[in-house]
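A.B. asks: I'm passing along entry.cif; it holds mmCIF, C-alpha atoms and all ligand atoms.
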```cif
data_protein
#
loop_
_atom_site.label_atom_id
_atom_site.label_comp_id
_atom_site.auth_asym_id
_atom_site.auth_seq_id
_atom_site.Cartn_x
_atom_site.Cartn_y
_atom_site.Cartn_z
CA MET Q 1 -48.68 42.28 -5.23
CA ILE Q 2 -47.23 43.46 -1.92
CA GLY Q 3 -45.52 40.05 -1.56
CA SER Q 4 -43.69 40.29 -4.90
CA LYS Q 5 -42.57 43.88 -4.12
CA SER Q 6 -41.01 42.88 -0.80
CA ALA Q 7 -39.40 39.84 -2.48
CA ARG Q 8 -37.79 42.17 -5.06
CA ARG Q 9 -36.59 44.45 -2.27
CA LEU Q 10 -35.12 41.49 -0.38
CA GLY Q 11 -33.44 40.26 -3.57
CA ALA Q 12 -31.86 43.67 -4.13
CA VAL Q 13 -30.60 43.80 -0.54
CA SER Q 14 -29.01 40.34 -0.75
CA ARG Q 15 -27.37 41.23 -4.12
CA ARG Q 16 -25.87 44.35 -2.50
CA LYS Q 17 -24.56 42.24 0.38
CA ARG Q 18 -23.00 39.70 -2.00
CA ARG Q 19 -21.35 42.51 -3.96
CA ALA Q 20 -20.00 44.07 -0.74
CA GLY Q 21 -18.64 40.68 0.36
CA ARG Q 22 -16.93 40.12 -2.99
CA ALA Q 23 -15.44 43.63 -2.95
CA LEU Q 24 -14.01 43.02 0.52
CA LEU Q 25 -12.41 39.74 -0.54
CA VAL Q 26 -10.92 41.27 -3.70
CA THR Q 27 -9.53 44.25 -1.74
CA ALA Q 28 -7.94 41.99 0.88
CA SER Q 29 -6.36 39.71 -1.74
CA ALA Q 30 -5.10 42.66 -3.81
CA ALA Q 31 -3.55 44.28 -0.75
CA LEU Q 32 -1.64 41.07 -0.05
CA VAL Q 33 -0.44 40.53 -3.61
CA LEU Q 34 0.45 44.15 -4.36
CA THR Q 35 2.70 44.59 -1.33
CA GLY Q 36 5.02 42.01 -3.01
CA CYS Q 37 7.21 41.61 0.07
CA SER Q 38 9.46 38.66 0.81
CA PRO Q 39 9.71 37.48 4.45
CA SER Q 40 13.19 39.03 4.79
CA ASP Q 41 11.76 42.51 4.03
CA ILE Q 42 9.46 42.30 7.00
CA PRO Q 43 10.56 43.75 10.34
CA PRO Q 44 11.18 41.26 13.17
CA MET Q 45 7.98 40.17 14.83
CA ILE Q 46 7.21 38.81 18.24
CA GLY Q 47 9.80 36.62 19.91
CA ILE Q 48 12.60 36.43 17.39
CA ARG Q 49 15.84 38.18 16.52
CA LYS Q 50 17.88 38.32 13.33
CA PRO Q 51 19.85 35.06 13.21
CA ALA Q 52 23.64 34.71 13.13
CA SER Q 53 23.83 31.56 11.02
CA VAL Q 54 23.01 30.34 7.52
CA GLN Q 55 20.55 27.76 8.86
CA GLY Q 56 18.98 30.41 11.10
CA ASP Q 57 18.11 32.52 8.04
CA ARG Q 58 15.87 29.76 6.77
CA MET Q 59 14.10 29.40 10.12
CA TYR Q 60 13.73 33.16 10.33
CA SER Q 61 12.00 33.20 6.93
CA LEU Q 62 9.68 30.41 8.06
CA TRP Q 63 8.78 32.37 11.18
CA GLN Q 64 8.16 35.58 9.23
CA GLY Q 65 6.14 33.73 6.59
CA SER Q 66 3.98 32.15 9.31
CA TRP Q 67 3.33 35.61 10.77
CA VAL Q 68 2.39 37.02 7.37
CA ALA Q 69 -0.05 34.15 6.85
CA ALA Q 70 -1.46 34.69 10.35
CA TRP Q 71 -1.91 38.44 9.75
CA ALA Q 72 -3.56 37.84 6.36
CA ILE Q 73 -6.00 35.31 7.80
CA GLY Q 74 -6.60 37.56 10.81
CA ALA Q 75 -7.33 40.58 8.60
CA LEU Q 76 -9.70 38.52 6.45
CA VAL Q 77 -11.56 37.17 9.50
CA TRP Q 78 -11.78 40.61 11.15
CA GLY Q 79 -13.00 42.08 7.84
CA LEU Q 80 -15.68 39.43 7.45
CA ILE Q 81 -16.82 39.90 11.06
CA LEU Q 82 -17.04 43.67 10.55
CA TRP Q 83 -18.92 43.21 7.28
CA ALA Q 84 -21.40 40.77 8.87
CA VAL Q 85 -21.94 43.12 11.82
CA ILE Q 86 -22.78 46.03 9.53
CA ALA Q 87 -24.57 44.23 6.67
CA TYR Q 88 -26.69 42.04 8.95
CA ARG Q 89 -27.32 44.49 11.78
CA ARG Q 90 -30.76 44.27 13.38
CA ARG Q 91 -33.39 46.24 11.47
CA SER Q 92 -36.59 44.85 12.94
CA GLN Q 93 -37.83 42.72 15.81
CA ALA Q 94 -38.39 39.75 13.47
CA ALA Q 95 -35.98 36.84 13.86
CA PRO Q 96 -33.46 36.71 11.00
CA VAL Q 97 -33.41 33.85 8.51
CA GLN Q 98 -31.65 30.88 10.08
CA THR Q 99 -29.12 28.96 7.99
CA ARG Q 100 -28.75 25.28 8.82
CA TYR Q 101 -27.43 22.18 7.12
CA ASN Q 102 -25.76 24.25 4.42
CA MET Q 103 -23.36 21.69 3.02
CA PRO Q 104 -21.14 24.06 0.98
CA ILE Q 105 -20.57 26.25 4.07
CA GLU Q 106 -19.96 23.23 6.33
CA ILE Q 107 -17.40 21.87 3.86
CA LEU Q 108 -15.74 25.30 3.63
CA TYR Q 109 -15.43 25.47 7.44
CA THR Q 110 -13.64 22.12 7.41
CA VAL Q 111 -11.51 22.46 4.30
CA VAL Q 112 -10.10 25.95 4.90
CA PRO Q 113 -8.56 25.28 8.36
CA LEU Q 114 -7.27 21.92 7.10
CA PHE Q 115 -5.65 23.68 4.15
CA ILE Q 116 -4.02 26.28 6.44
CA VAL Q 117 -2.59 23.59 8.72
CA MET Q 118 -1.34 21.56 5.73
CA VAL Q 119 0.45 24.57 4.22
CA LEU Q 120 2.12 25.46 7.55
CA PHE Q 121 3.08 21.81 8.04
CA ALA Q 122 4.54 21.48 4.53
CA PHE Q 123 6.77 24.56 4.89
CA THR Q 124 7.87 23.52 8.39
CA ALA Q 125 8.70 19.96 7.33
CA ARG Q 126 10.60 21.23 4.27
CA ASP Q 127 12.70 23.70 6.26
CA GLU Q 128 13.29 21.31 9.14
CA SER Q 129 14.62 18.59 6.86
CA ARG Q 130 16.91 21.07 5.07
CA VAL Q 131 18.26 22.56 8.29
CA LEU Q 132 18.94 19.15 9.84
CA GLN Q 133 20.33 17.56 6.69
CA PRO Q 134 23.70 16.02 7.61
CA VAL Q 135 26.67 17.74 5.98
CA ALA Q 136 28.92 15.34 4.08
CA HIS Q 137 32.17 17.13 4.86
CA PRO Q 138 31.81 19.56 7.77
CA ALA Q 139 34.83 21.75 8.49
CA GLN Q 140 34.85 20.28 11.98
CA THR Q 141 32.85 18.20 14.40
CA ILE Q 142 32.29 19.17 18.02
CA ASN Q 143 30.92 16.78 20.60
CA VAL Q 144 28.85 18.80 23.04
CA VAL Q 145 28.44 17.03 26.37
CA GLY Q 146 25.66 18.39 28.55
CA TYR Q 147 26.07 17.20 32.11
CA ARG Q 148 24.76 18.23 35.52
CA TRP Q 149 25.52 21.24 35.64
CA SER Q 150 27.61 22.53 32.79
CA TRP Q 151 28.95 21.82 29.33
CA THR Q 152 32.04 20.26 27.82
CA PHE Q 153 33.06 20.89 24.23
CA ASN Q 154 35.15 18.16 22.63
CA TYR Q 155 36.74 19.44 19.42
CA LEU Q 156 36.93 16.00 17.81
CA ASP Q 157 39.10 16.86 14.80
CA GLU Q 158 41.66 18.79 16.82
CA LYS Q 159 41.42 16.34 19.76
CA VAL Q 160 41.20 19.04 22.40
CA TYR Q 161 38.47 19.91 24.85
CA ASP Q 162 37.11 22.80 26.87
CA ILE Q 163 35.20 22.22 30.05
CA GLY Q 164 32.93 24.39 32.12
CA THR Q 165 31.55 24.36 35.63
CA PRO Q 166 28.56 26.20 37.08
CA ASP Q 167 31.03 28.77 38.46
CA GLN Q 168 33.18 28.97 35.37
CA VAL Q 169 31.00 29.46 32.31
CA PRO Q 170 32.53 27.65 29.31
CA THR Q 171 32.93 29.24 25.90
CA LEU Q 172 32.36 27.44 22.64
CA TRP Q 173 34.55 28.79 19.85
CA LEU Q 174 33.42 28.55 16.24
CA PRO Q 175 35.09 29.76 13.03
CA ILE Q 176 32.92 32.03 10.92
CA HIS Q 177 31.56 30.78 7.55
CA GLU Q 178 32.64 27.21 8.34
CA THR Q 179 30.14 24.43 8.93
CA THR Q 180 30.43 22.80 12.32
CA ASN Q 181 28.62 19.56 12.98
CA PHE Q 182 27.46 19.22 16.59
CA LYS Q 183 27.14 15.80 18.18
CA LEU Q 184 25.15 16.07 21.38
CA THR Q 185 25.55 13.57 24.22
CA SER Q 186 24.70 13.41 27.90
CA PRO Q 187 25.98 11.09 30.64
CA ASP Q 188 23.11 11.76 33.04
CA VAL Q 189 19.75 13.38 32.24
CA ILE Q 190 18.13 15.12 29.29
CA HIS Q 191 19.45 18.62 28.64
CA SER Q 192 18.84 20.90 25.69
CA PHE Q 193 21.59 22.67 23.77
CA TRP Q 194 20.26 26.10 22.84
CA ILE Q 195 21.98 28.98 21.08
CA PRO Q 196 19.24 31.61 20.58
CA ALA Q 197 21.36 33.55 18.06
CA PHE Q 198 21.32 30.53 15.72
CA LEU Q 199 17.57 29.99 16.25
CA MET Q 200 18.46 26.40 17.02
CA LYS Q 201 17.93 24.17 20.02
CA MET Q 202 18.12 20.41 20.31
CA ASP Q 203 17.71 17.93 23.15
CA VAL Q 204 20.80 16.25 24.58
CA ILE Q 205 19.64 12.78 25.50
CA PRO Q 206 21.52 10.08 27.45
CA GLY Q 207 22.08 6.96 25.35
CA ARG Q 208 21.75 8.59 21.96
CA THR Q 209 23.62 11.06 19.78
CA ASN Q 210 21.65 13.93 18.33
CA GLN Q 211 23.31 16.09 15.74
CA PHE Q 212 22.87 19.17 13.63
CA PRO Q 213 25.10 21.45 11.55
CA VAL Q 214 25.58 25.19 11.99
CA THR Q 215 27.35 27.67 9.73
CA PRO Q 216 27.79 30.94 11.65
CA ASN Q 217 27.74 34.05 9.47
CA ALA Q 218 28.23 36.83 12.02
CA LEU Q 219 31.19 37.54 14.27
CA GLY Q 220 30.45 38.09 17.94
CA THR Q 221 29.78 36.58 21.32
CA PHE Q 222 26.38 35.03 21.89
CA PRO Q 223 24.72 33.49 24.94
CA GLY Q 224 23.93 29.78 25.14
CA ARG Q 225 21.57 27.99 27.51
CA CYS Q 226 20.25 24.65 28.63
CA ALA Q 227 16.61 24.75 27.56
CA GLU Q 228 15.42 21.64 29.39
CA LEU Q 229 14.54 21.76 33.09
CA CYS Q 230 17.14 19.18 34.06
CA GLY Q 231 17.35 19.55 37.83
CA VAL Q 232 18.24 21.76 40.74
CA ASP Q 233 21.07 23.69 39.07
CA HIS Q 234 19.52 23.87 35.62
CA THR Q 235 19.72 27.67 35.63
CA ARG Q 236 23.49 27.51 36.03
CA MET Q 237 23.94 25.59 32.76
CA ILE Q 238 24.87 28.62 30.75
CA PHE Q 239 27.66 29.01 28.21
CA GLN Q 240 28.92 31.44 25.64
CA VAL Q 241 29.50 31.08 21.93
CA LYS Q 242 32.28 33.03 20.32
CA VAL Q 243 32.21 33.25 16.52
CA VAL Q 244 35.70 34.24 15.39
CA THR Q 245 37.93 34.24 12.33
CA GLN Q 246 39.72 31.04 11.34
CA THR Q 247 43.05 32.45 12.59
CA GLU Q 248 41.62 33.27 16.01
CA PHE Q 249 40.00 29.86 16.14
CA ASP Q 250 43.29 28.10 15.37
CA ALA Q 251 45.02 30.17 18.05
CA HIS Q 252 42.38 29.14 20.60
CA ILE Q 253 42.78 25.47 19.73
CA ALA Q 254 46.55 25.83 20.13
CA ALA Q 255 46.00 27.48 23.52
CA LEU Q 256 43.80 24.59 24.69
CA ARG Q 257 46.47 22.14 23.55
CA ALA Q 258 49.17 24.13 25.34
CA ALA Q 259 47.05 24.07 28.50
CA GLY Q 260 47.06 20.27 28.35
CA GLN Q 261 43.35 19.97 27.54
CA VAL Q 262 44.01 17.20 25.07
CA GLY Q 263 41.77 14.21 24.39
CA LEU Q 264 38.07 13.57 24.74
CA LEU Q 265 35.95 13.99 27.88
CA VAL Q 266 33.18 11.55 27.18
CA THR Q 267 31.28 12.15 30.41
CA GLY Q 268 31.96 15.86 30.36
CA ARG Q 269 33.73 15.72 33.71
CA VAL Q 270 37.46 15.42 34.22
CA ASP Q 271 37.17 13.31 37.43
CA ASN Q 272 34.63 10.87 35.98
CA ASN Q 273 36.85 10.21 33.01
CA ALA Q 274 39.86 9.76 35.24
CA ASN Q 275 37.88 7.18 37.26
CA GLY Q 276 37.09 5.35 34.07
CA LYS Q 277 33.33 5.88 34.42
CA GLN Q 278 32.40 6.22 30.80
CA GLY Q 279 29.07 7.76 29.91
CA ASN Q 280 27.55 7.90 26.47
CA THR Q 281 30.23 6.77 24.05
CA GLY Q 282 28.27 7.22 20.86
CA VAL Q 283 30.12 10.26 19.58
CA GLY Q 284 32.58 8.37 17.37
CA GLY Q 285 34.89 10.15 14.92
CA GLY Q 286 38.10 11.78 16.00
CA SER Q 287 38.27 10.00 19.35
CU CU W 1 20.54 21.00 31.63
#
```
Take the structure in this file and express it as structure tokens.
Ligand SMILES: [Cu+2]
C.D. replies:
Amino acid sequence: MIGSKSARRLGAVSRRKRRAGRALLVTASAALVLTGCSPSDIPPMIGIRKPASVQGDRMYSLWQGSWVAAWAIGALVWGLILWAVIAYRRRSQAAPVQTRYNMPIEILYTVVPLFIVMVLFAFTARDESRVLQPVAHPAQTINVVGYRWSWTFNYLDEKVYDIGTPDQVPTLWLPIHETTNFKLTSPDVIHSFWIPAFLMKMDVIPGRTNQFPVTPNALGTFPGRCAELCGVDHTRMIFQVKVVTQTEFDAHIAALRAAGQVGLLVTGRVDNNANGKQGNTGVGGGS
């Protein structure tokens, strides 16, 4: 008699716990759905700024979406922990019921993280392939040569160049709303061409040509960096990016031409080219 009473009591308690668990899940899901935000409505989160390019917008959305997913999963996990702490708090000295070899729970533990990783991977792969998709007819192509310890920008279509040194920081000029295709080459070691404002960085590797397109959509001057520890003067491999109107861009190209900076510096250095020491010649087009 006493046994069946306590069994009923236990049954009632576990029903209450199940109901509380379900209510928590429903509340968490409803909160997520009802907010109805898109990633662009969300304020910037850790480690990122609003991008200044069309391609950057896509990467920004991916970043924001990943944070939203992380917060949602975090909130759910914290909620479940809190619920378990309260619902299963110690009420007597007796050891609680131990759950072992529960196949549905074991499968859930495996499938849920796998699902999360697959979703993050799918969105990342989709956005990466779209951002790196070669543009059939870019407005211009610039060969960026990263060399120890600065940068040279070969404007392939206009056949002019701009060269920097560690003491004289070079400036890359880009026309706004036009797609520029970058071809990255290096005559010495691996560098990394990084313009934080475009949320884009790519390795510059000797012996191969990496490329990616960028369509700037904000006027201004932005910092650029080498993002690969390439040697003793790595920190001096800085440059600037100036996004200007088409007219200003044309005027700058004319100024480079007037200054005699005509042709293509394959190795990045004026003296090396003059000595005929050719580096990576895989840039093609416009040379
Ligand atoms: Cu470098």
A.B. asks: To one decimal place in Å, what is the distance between CA of Phe123 in chain Q and CA of Leu62 in chain Q?
C.D. replies: 7.3 Å
A.B. asks: Quick one: pull the distance between CA of Asn154 in chain Q and CA of Ala255 in chain Q, Å, one decimal.
C.D. replies: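 For CA of Asn154 in chain Q relative to CA of Ala255 in chain Q, the distance reads 14.3 Å.
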A.B. asks: So that I can see what lies close to Cys230 in chain Q, please list as a PyMOL selection string the residues with an atom at most 8 Å from it, counting only C-alpha atoms and leaving out residues fewer than 3 positions away in the same chain.
C.D. replies: chain Q and resi 148+189-191+233-234
A.B. asks: Restricting the calculation to only C-alpha atoms: of Q:Met103, Q:Ala94, Q:Ala197, Q:Val85, which residue gets closest to Ile48 in chain Q?
C.D. replies: Q:Ala197
A.B. asks: As an MDAnalysis selection string, please: every protein or nucleic acid residue near ligand CU 1 (chain W) (cut-off 12 Å, counting all atoms listed in the file).
C.D. replies: chainID Q and resid 145:151 166 185:194 202:206 224:239
